[in-house]
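Q: If you scroll down you'll find the structure; I have some questions about it.
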Amino acid sequence: MNELTFDTGALIALERRRQRILQVLTRAVALRVRIIVPAAVVTEWWRGRSKVREDILSKLVIEPLSESIAKLAGDALAAVEGATAVDAMVMASAALRGGAVYTSDRDDLEALRAFFPSVRILSV
């Protein structure tokens, strides 16, 4: 696996220094696995500049919202009742790369797996 996607819960877990996600991050950096974070996730997570947040961001690739991700996420929102736009963008982003998503909110992302069956969902 060359890429992972982190959602908002993964960034919060990193900020709170949760051991499991810190190990994932350390291992990914060591193996040169890219960690992708859709820009909308940063919007949900960011609450002002801090050294911890800047350090976390320095290890991530922030993915802008492309037209293809926006359309795929919109299709998912139409298909999965109760899904949120940011969760749909996270799953669309991972689906386009055939990757896995780290999250603290498995239930919401599992609901979206009906639309994105190729995406693996991993807990932080």
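How things are named: the first chain in the structure tokens is A, the next is B, and so on; residues count from 1 in each chain; ligands count from 1 in the order shown.
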Tyr102 in chain A: which residues within 7 Å, counting only C-alpha atoms, same-chain residues fewer than 6 positions away excluded, as an MDAnalysis selection string?

A: chainID A and resid 5:7 10 121:124

Q: Just to be explicit: take each residue in the selection above, keep C-alpha atoms, and write the result as a compact mmCIF listing (two decimals), in the first residue's frame.

A:
# COMPACT_ATOMS: atom_id res chain seq x y z
CA THR A 5 -6.19 8.49 3.81
CA PHE A 6 -6.81 10.08 7.21
CA ASP A 7 -10.15 11.55 8.15
CA ALA A 10 -7.49 10.44 12.67
CA ILE A 121 -11.73 1.20 6.79
CA LEU A 122 -9.29 1.01 9.69
CA SER A 123 -9.75 2.25 13.25
CA VAL A 124 -7.41 4.74 14.87

Q: Mind checking DSSP for chain A and telling me the alpha helix (DSSP H) residues as a VMD selection string?

A: chain A and resid 8 to 15 19 to 30 39 to 45 51 to 58 67 to 79 85 to 97 106 to 112

Q: Can you tell me which residues surround Arg17 in chain A at a distance of at most 12 Å, considering only C-alpha atoms, apart from same-chain residues fewer than 5 positions away, and format the answer as a PyMOL selection string?

A: chain A and resi 10-12+22-25+52-53+56+124

Q: Could you dump the residues just selected with N, CA and C atoms as a CSV table (one decimal), in the first residue's frame?

A:
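Result saved to out-v1.csv:
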chain,number,residue,atom,x,y,z
A,10,ALA,N,-8.9,10.8,12.6
A,10,ALA,CA,-7.5,10.4,12.7
A,10,ALA,C,-6.6,11.6,13.0
A,11,LEU,N,-6.9,12.8,12.5
A,11,LEU,CA,-6.1,14.0,12.9
A,11,LEU,C,-6.3,14.4,14.3
A,12,ILE,N,-7.5,14.3,14.8
A,12,ILE,CA,-7.8,14.6,16.2
A,12,ILE,C,-7.0,13.6,17.1
A,22,LEU,N,-0.4,7.2,16.2
A,22,LEU,CA,1.0,7.6,16.2
A,22,LEU,C,1.9,6.5,15.6
A,23,GLN,N,1.6,5.3,16.0
A,23,GLN,CA,2.4,4.2,15.4
A,23,GLN,C,2.2,4.0,13.9
A,24,VAL,N,0.9,4.2,13.5
A,24,VAL,CA,0.6,4.2,12.0
A,24,VAL,C,1.4,5.3,11.3
A,25,LEU,N,1.3,6.5,11.8
A,25,LEU,CA,2.0,7.6,11.2
A,25,LEU,C,3.5,7.4,11.2
A,52,VAL,N,1.8,21.6,17.4
A,52,VAL,CA,1.4,20.2,17.2
A,52,VAL,C,0.7,20.1,15.9
A,53,ARG,N,-0.2,21.0,15.6
A,53,ARG,CA,-1.0,21.0,14.3
A,53,ARG,C,0.0,21.1,13.1
A,56,ILE,N,1.9,18.0,12.6
A,56,ILE,CA,1.1,16.9,12.0
A,56,ILE,C,1.0,17.2,10.5
A,124,VAL,N,-8.6,4.1,14.3
A,124,VAL,CA,-7.4,4.7,14.9
A,124,VAL,C,-7.2,4.2,16.3

Q: Extract, using only C-alpha atoms, all DNA, RNA and protein residues at most 10 Å from Ala70 in chain A, discarding same-chain residues fewer than 5 positions from it, and format them as a ChimeraX atom specification.

A: /A:65,75-76,85,88-89,92-93

Q: Can you write just those residues out, N, CA and C atoms, as a compact mmCIF listing (two decimals), in the first residue's frame?

A:
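This went into selection_0.txt:
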# COMPACT_ATOMS: atom_id res chain seq x y z
N LEU A 65 -9.85 19.69 -3.39
CA LEU A 65 -11.07 19.08 -3.92
C LEU A 65 -11.07 19.20 -5.43
N ASP A 75 -22.30 11.80 -5.82
CA ASP A 75 -23.03 10.58 -6.16
C ASP A 75 -23.24 9.72 -4.91
N ALA A 76 -22.21 9.64 -4.07
CA ALA A 76 -22.32 8.86 -2.83
C ALA A 76 -23.37 9.46 -1.90
N ALA A 85 -21.03 15.28 3.71
CA ALA A 85 -20.19 15.66 2.57
C ALA A 85 -18.72 15.35 2.82
N ALA A 88 -18.05 11.65 2.65
CA ALA A 88 -18.14 11.21 1.25
C ALA A 88 -16.88 11.62 0.48
N MET A 89 -16.34 12.81 0.75
CA MET A 89 -15.11 13.24 0.09
C MET A 89 -13.93 12.37 0.51
N ALA A 92 -14.40 9.05 -1.30
CA ALA A 92 -14.16 9.22 -2.73
C ALA A 92 -12.67 9.36 -3.02
N SER A 93 -12.00 10.13 -2.19
CA SER A 93 -10.56 10.31 -2.34
C SER A 93 -9.83 8.97 -2.25

Q: Can you list, as a count of residues only, every protein, DNA or RNA residue that comes within 12 Å of Val61 in chain A when you count only C-alpha atoms, leaving out same-chain residues fewer than 3 positions away?

A: 19

Q: From the options A:Glu67, A:Lys59, A:Ala28, A:Leu112, which residue's atoms come nearest to Thr84 in chain A, counting only C-alpha atoms?

A: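 Checking each of A:Glu67, A:Lys59, A:Ala28, A:Leu112 against Thr84 in chain A, counting only C-alpha atoms, the winner is A:Leu112.
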
Q: Calculated over only C-alpha atoms, which of the candidates A:Ile69, A:Ile62, A:Val86, A:Ala114 has the smallest distance to Glu44 in chain A?

A: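 Closest to Glu44 in chain A of all the choices is A:Val86.
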
Q: Which is closer to Met91 in chain A than all the others in A:Val119, A:Leu14, A:Ala111, A:Leu77, using only C-alpha atoms?

A: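 Comparing A:Val119, A:Leu14, A:Ala111, A:Leu77 against Met91 in chain A, the winner is A:Val119.
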